[in-house]
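S.K.: Right, I'll just put the structure down here and ask away after.
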Amino acid sequence: MSTKQLRHIISTSQFDRATLEKLFASAQKMEKLHKARKPSKILAGKVMAAIFYEPSTRTRLSFESAILKLGGQVISTENAAQFSSAAKGETLEDTIRIVHSYADVIVLRHYEKGAAEIASQYSNVPIINAGDGPGEHPTQSMLDLYTFQKEKGKIDGLTFAFLGDSLYSRTNHSLIRLLPYYKNVKVMLCSPKELELPQPYYDLMKKHKIPYSVHRNVDEILPKADVLIVTRVQKERFPSEQEYKKMQGTYRIDASSLKKMKKDAIITHVMPRVGEIAPEVDSDPRAAYFRQAQNGLYIRMALLEMLLK
Ligand code: CP
C-alpha cells in the first residue's frame with residue numbers, strides 16, 4: 001500500500017517494502033530535525049488523541065513527544081479504563097465517535113485483540129493501533145526494523161532469533177508479518193512449548209519460504225543470531241498468576257550469553273524488561289534496546305507526518 005493510501009494503521013500487513021523504505025527515509029530526516037533542536041511547525045494546528053486502556057511508557061510518551069516536536073498538540077488519557085467514561089460503561093465505539101470530533105488522529109492502545117480494527121470502523125480520523133491485546137503493535141515493528149537497518153546496515157540476509165514469549169507477544173507477531181518483504185532472512189524461535197508462536201505465523205513463514213527452526217535451549221540460537229530479539233513473558237495475558245509463575249524467568253541473557261554470540265550481533269528488546277536481560281549486558285555495544293526505544297520517536301514523527309500532512 002502506498003503512503004497516500006494509508007488511512008488507519010492497524011496491522012503491519014498493510015505495509016510493503018517500498019512504504020517501509022519511505023518511512024525509514026523520513027525517520028532519518030526526523031532524527032536530524034530532533035537533533036537540531038529547532039522548533040517545527042510541520043503539524044501545527046493538528047491535535048493527537050492518545051487513548052490508552054493499558055499501561056505504556058515508550059509508545060504513549062514517544063507519540064506525544066512526536067506530535068509536540070512537529071508543532072501539534074496532544075489530548076490524552078493514560079488510563080482510559082479507569083479515567084475515561086469507559087469506567088461508567090461507555091463502549092469503545094461510542095468513545096471513538098466522540099474523540100474523533102476533538103482530534104485529527106487517535107492513537108489507541110486496548111487490551112482486546114481487534115479493538116483498533118473496530119475503532120477504525122467508527123472513526124472519521126486515522127486510528128493508529130498502539131497495541132491491541134495479544135494482537136499486533138505495528139508501529140513497534142516498524143521501529144524495530146528501522147533499528148535493524150541502522151545497526152546492521154541491512155535487513156536482507158539476516159538471521160533473527162526470537163527468545164521468550166512468542167505466544168502473547170504482539171510485537172513479535174507484527175514483526176514476523178513484515179519479514180516476507182526481505183530477502184534471504186532466517187528465523188529461529190526459542191521459547192517454552194507453552195509460549196510458542198501461534199500457528200498462523202508459522203503458516204505465513206512457510207507460505208513465503210522463510211526458513212525457521214524451533215528451539216528450547218537458548219545456547220542453540222546464540223551463536224547463529226545476527227539479531228537476538230528478547231521478549232518478556234507477557235504476564236498480563238495469562239489466565240492466572242499461577243500459570244505465569246510457571247513460565248517466569250525461563251530465559252535470561254547475561255555476560256556468559258554474550259560470549260556465545262557473534263561479535264557483530266545486536267540484542268533488541270521492545271521493553272519493558274523484567275529480568276530477561278541482566279543489567280550487566282547494557283554496557284556491551286551489542287545491547288541495542290535503548291537506541292531502539294529512541295528510534296521510536298523518529299518513526300512515530302514520520303508516521304504522524306505521513307498520516308496528517
Ligand atoms: N514497547 C512498548 O510498547 O512499550 P510500552 O508498553 O512502554 O509502550
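Labeling convention for the C-alpha cells: chains A, B, ... as they appear, residues from 1 per chain, ligands from 1 in order of appearance.
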List as JSON lines every residue of chain A that is in contact with ligand 1, defined as an atom at most 10 Å from one of its atoms (using only C-alpha atoms and all ligand atoms), together with the nearest atom pair and the distance in Å rounded to one decimal, sorted by chain and then rising number.
M.R.:
```
{"residue": "A:Phe52", "atom": "CA", "partner": "ligand 1", "partner_atom_place_in_ligand_line": "8 (O)", "distance": 9.6}
{"residue": "A:Glu54", "atom": "CA", "partner": "ligand 1", "partner_atom_place_in_ligand_line": "6 (O)", "distance": 8.1}
{"residue": "A:Pro55", "atom": "CA", "partner": "ligand 1", "partner_atom_place_in_ligand_line": "6 (O)", "distance": 6.2}
{"residue": "A:Ser56", "atom": "CA", "partner": "ligand 1", "partner_atom_place_in_ligand_line": "8 (O)", "distance": 3.8}
{"residue": "A:Thr57", "atom": "CA", "partner": "ligand 1", "partner_atom_place_in_ligand_line": "7 (O)", "distance": 3.5}
{"residue": "A:Arg58", "atom": "CA", "partner": "ligand 1", "partner_atom_place_in_ligand_line": "7 (O)", "distance": 4.0}
{"residue": "A:Thr59", "atom": "CA", "partner": "ligand 1", "partner_atom_place_in_ligand_line": "8 (O)", "distance": 3.7}
{"residue": "A:Arg60", "atom": "CA", "partner": "ligand 1", "partner_atom_place_in_ligand_line": "8 (O)", "distance": 5.9}
{"residue": "A:Leu61", "atom": "CA", "partner": "ligand 1", "partner_atom_place_in_ligand_line": "8 (O)", "distance": 7.8}
{"residue": "A:Ser62", "atom": "CA", "partner": "ligand 1", "partner_atom_place_in_ligand_line": "8 (O)", "distance": 8.5}
{"residue": "A:Phe63", "atom": "CA", "partner": "ligand 1", "partner_atom_place_in_ligand_line": "8 (O)", "distance": 9.6}
{"residue": "A:Arg109", "atom": "CA", "partner": "ligand 1", "partner_atom_place_in_ligand_line": "8 (O)", "distance": 8.9}
{"residue": "A:Ala130", "atom": "CA", "partner": "ligand 1", "partner_atom_place_in_ligand_line": "3 (O)", "distance": 7.4}
{"residue": "A:Gly131", "atom": "CA", "partner": "ligand 1", "partner_atom_place_in_ligand_line": "3 (O)", "distance": 7.1}
{"residue": "A:His137", "atom": "CA", "partner": "ligand 1", "partner_atom_place_in_ligand_line": "3 (O)", "distance": 7.3}
{"residue": "A:Pro138", "atom": "CA", "partner": "ligand 1", "partner_atom_place_in_ligand_line": "3 (O)", "distance": 9.9}
{"residue": "A:Thr139", "atom": "CA", "partner": "ligand 1", "partner_atom_place_in_ligand_line": "3 (O)", "distance": 8.9}
{"residue": "A:Gln140", "atom": "CA", "partner": "ligand 1", "partner_atom_place_in_ligand_line": "1 (N)", "distance": 6.3}
{"residue": "A:Ser141", "atom": "CA", "partner": "ligand 1", "partner_atom_place_in_ligand_line": "1 (N)", "distance": 9.3}
{"residue": "A:Leu143", "atom": "CA", "partner": "ligand 1", "partner_atom_place_in_ligand_line": "1 (N)", "distance": 9.8}
{"residue": "A:Asp144", "atom": "CA", "partner": "ligand 1", "partner_atom_place_in_ligand_line": "1 (N)", "distance": 9.7}
{"residue": "A:Arg170", "atom": "CA", "partner": "ligand 1", "partner_atom_place_in_ligand_line": "3 (O)", "distance": 9.2}
{"residue": "A:Thr171", "atom": "CA", "partner": "ligand 1", "partner_atom_place_in_ligand_line": "3 (O)", "distance": 7.8}
{"residue": "A:His269", "atom": "CA", "partner": "ligand 1", "partner_atom_place_in_ligand_line": "1 (N)", "distance": 8.0}
{"residue": "A:Val270", "atom": "CA", "partner": "ligand 1", "partner_atom_place_in_ligand_line": "1 (N)", "distance": 4.3}
{"residue": "A:Met271", "atom": "CA", "partner": "ligand 1", "partner_atom_place_in_ligand_line": "1 (N)", "distance": 5.1}
{"residue": "A:Pro272", "atom": "CA", "partner": "ligand 1", "partner_atom_place_in_ligand_line": "4 (O)", "distance": 6.1}
{"residue": "A:Arg273", "atom": "CA", "partner": "ligand 1", "partner_atom_place_in_ligand_line": "4 (O)", "distance": 9.6}
{"residue": "A:Gln292", "atom": "CA", "partner": "ligand 1", "partner_atom_place_in_ligand_line": "1 (N)", "distance": 9.5}
{"residue": "A:Ala293", "atom": "CA", "partner": "ligand 1", "partner_atom_place_in_ligand_line": "1 (N)", "distance": 7.5}
{"residue": "A:Gly296", "atom": "CA", "partner": "ligand 1", "partner_atom_place_in_ligand_line": "1 (N)", "distance": 8.8}
```
S.K.: Please indicate the distance in Å from atom CA of Ala116 of chain A to atom CA of Arg97 of chain A, rounded to one decimal place.
M.R.: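 Atom CA of Ala116 of chain A sits 13.3 Å away from atom CA of Arg97 of chain A.
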S.K.: Excluding same-chain residues fewer than 6 positions from Ala44 of chain A, what lies within 12 Å of it counting only C-alpha atoms, as a ChimeraX atom specification?
M.R.: /A:67-74,104,304-305,308-309
S.K.: Tell me which protein, DNA and RNA residues are within 9 Å of Tyr111 of chain A, counting only C-alpha atoms, leaving out same-chain ones fewer than 4 positions away, and put them as a ChimeraX atom specification.
M.R.: /A:53-54,115,131-134
S.K.: Write the selection just made, keeping C-alpha atoms, as a CSV table (one decimal), in the first residue's frame?
M.R.:
```csv
chain,number,residue,atom,x,y,z
A,53,TYR,CA,-6.6,1.4,28.1
A,54,GLU,CA,-3.4,-0.4,29.1
A,115,ALA,CA,-10.1,-3.3,19.1
A,131,GLY,CA,-1.2,-2.4,20.7
A,132,ASP,CA,-4.4,-4.4,20.8
A,133,GLY,CA,-4.1,-7.1,23.5
A,134,PRO,CA,-2.1,-10.1,22.1
```
S.K.: List the neighbours of Ala288 of chain A out to 9 Å using only C-alpha atoms; skip same-chain residues closer than 4 positions along the sequence, and give me the result as a list of chain:residue names.
M.R.: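 The filter keeps A:Thr147, A:Glu151, A:Ile266, A:Ile267, A:Thr268, A:His269, A:Asp282, A:Asp284, A:Gln292, A:Ala293.
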S.K.: Nearest residue to Phe162 of chain A out of A:Thr231, A:Ser76, A:Ser256, A:Thr91, using only C-alpha atoms?
M.R.: A:Thr231
S.K.: So which residues of segment 9-238 of chain A fall under strand (DSSP E or B) by DSSP, listed as a ChimeraX atom specification?
M.R.: /A:9,47-52,73-77,105-110,127-132,159-164,186-190,212-215,227-231
S.K.: Residues near Phe238 of chain A, anyone? I mean within 12 Å using only C-alpha atoms, not counting same-chain ones fewer than 2 positions away, as a list of chain:residue names.
M.R.: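 What passes the distance filter is A:Gly133, A:Pro134, A:Asp165, A:Leu167, A:Tyr168, A:Ser169, A:Glu194, A:Leu195, A:Val233, A:Gln234, A:Lys235, A:Glu236, A:Ser240, A:Glu241, A:Gln242, A:Glu243, A:Tyr244, A:Lys245, A:Lys246, A:Met247, A:Gln248.
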S.K.: Let's see if you can do this: from backbone DSSP, list all alpha helix (DSSP H) residues in segment 236-274 of chain A, as a ChimeraX atom specification.
M.R.: /A:241-247,255-260
S.K.: Just to be explicit: take each residue in the selection above, keep C-alpha atoms, and write the result as a compact mmCIF listing (two decimals), in the first residue's frame.
M.R.:
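As a result, result36.txt now contains:
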```txt
# COMPACT_ATOMS: atom_id res chain seq x y z
CA GLU A 241 -0.74 -15.61 38.27
CA GLN A 242 -0.01 -19.28 38.92
CA GLU A 243 0.22 -20.04 35.17
CA TYR A 244 2.50 -17.01 34.68
CA LYS A 245 4.82 -18.06 37.50
CA LYS A 246 5.42 -21.42 35.80
CA MET A 247 6.91 -19.57 32.81
CA ALA A 255 27.51 -11.81 30.43
CA SER A 256 28.03 -15.53 29.76
CA SER A 257 25.46 -15.39 26.90
CA LEU A 258 27.38 -12.53 25.29
CA LYS A 259 30.46 -14.75 24.98
CA LYS A 260 28.46 -17.21 22.85
```
S.K.: Which residue out of A:Leu33, A:Ala50, A:Val274, A:Ala25 has the minimum interatomic distance to Tyr102 of chain A when only C-alpha atoms are used?
M.R.: A:Ala50
S.K.: Under the rule that only C-alpha atoms are counted, which of A:Pro126, A:Pro180, A:Gly153, A:Pro39 is the nearest residue to Thr12 of chain A?
M.R.: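 So, comparing all the options, the nearest one is A:Pro180.
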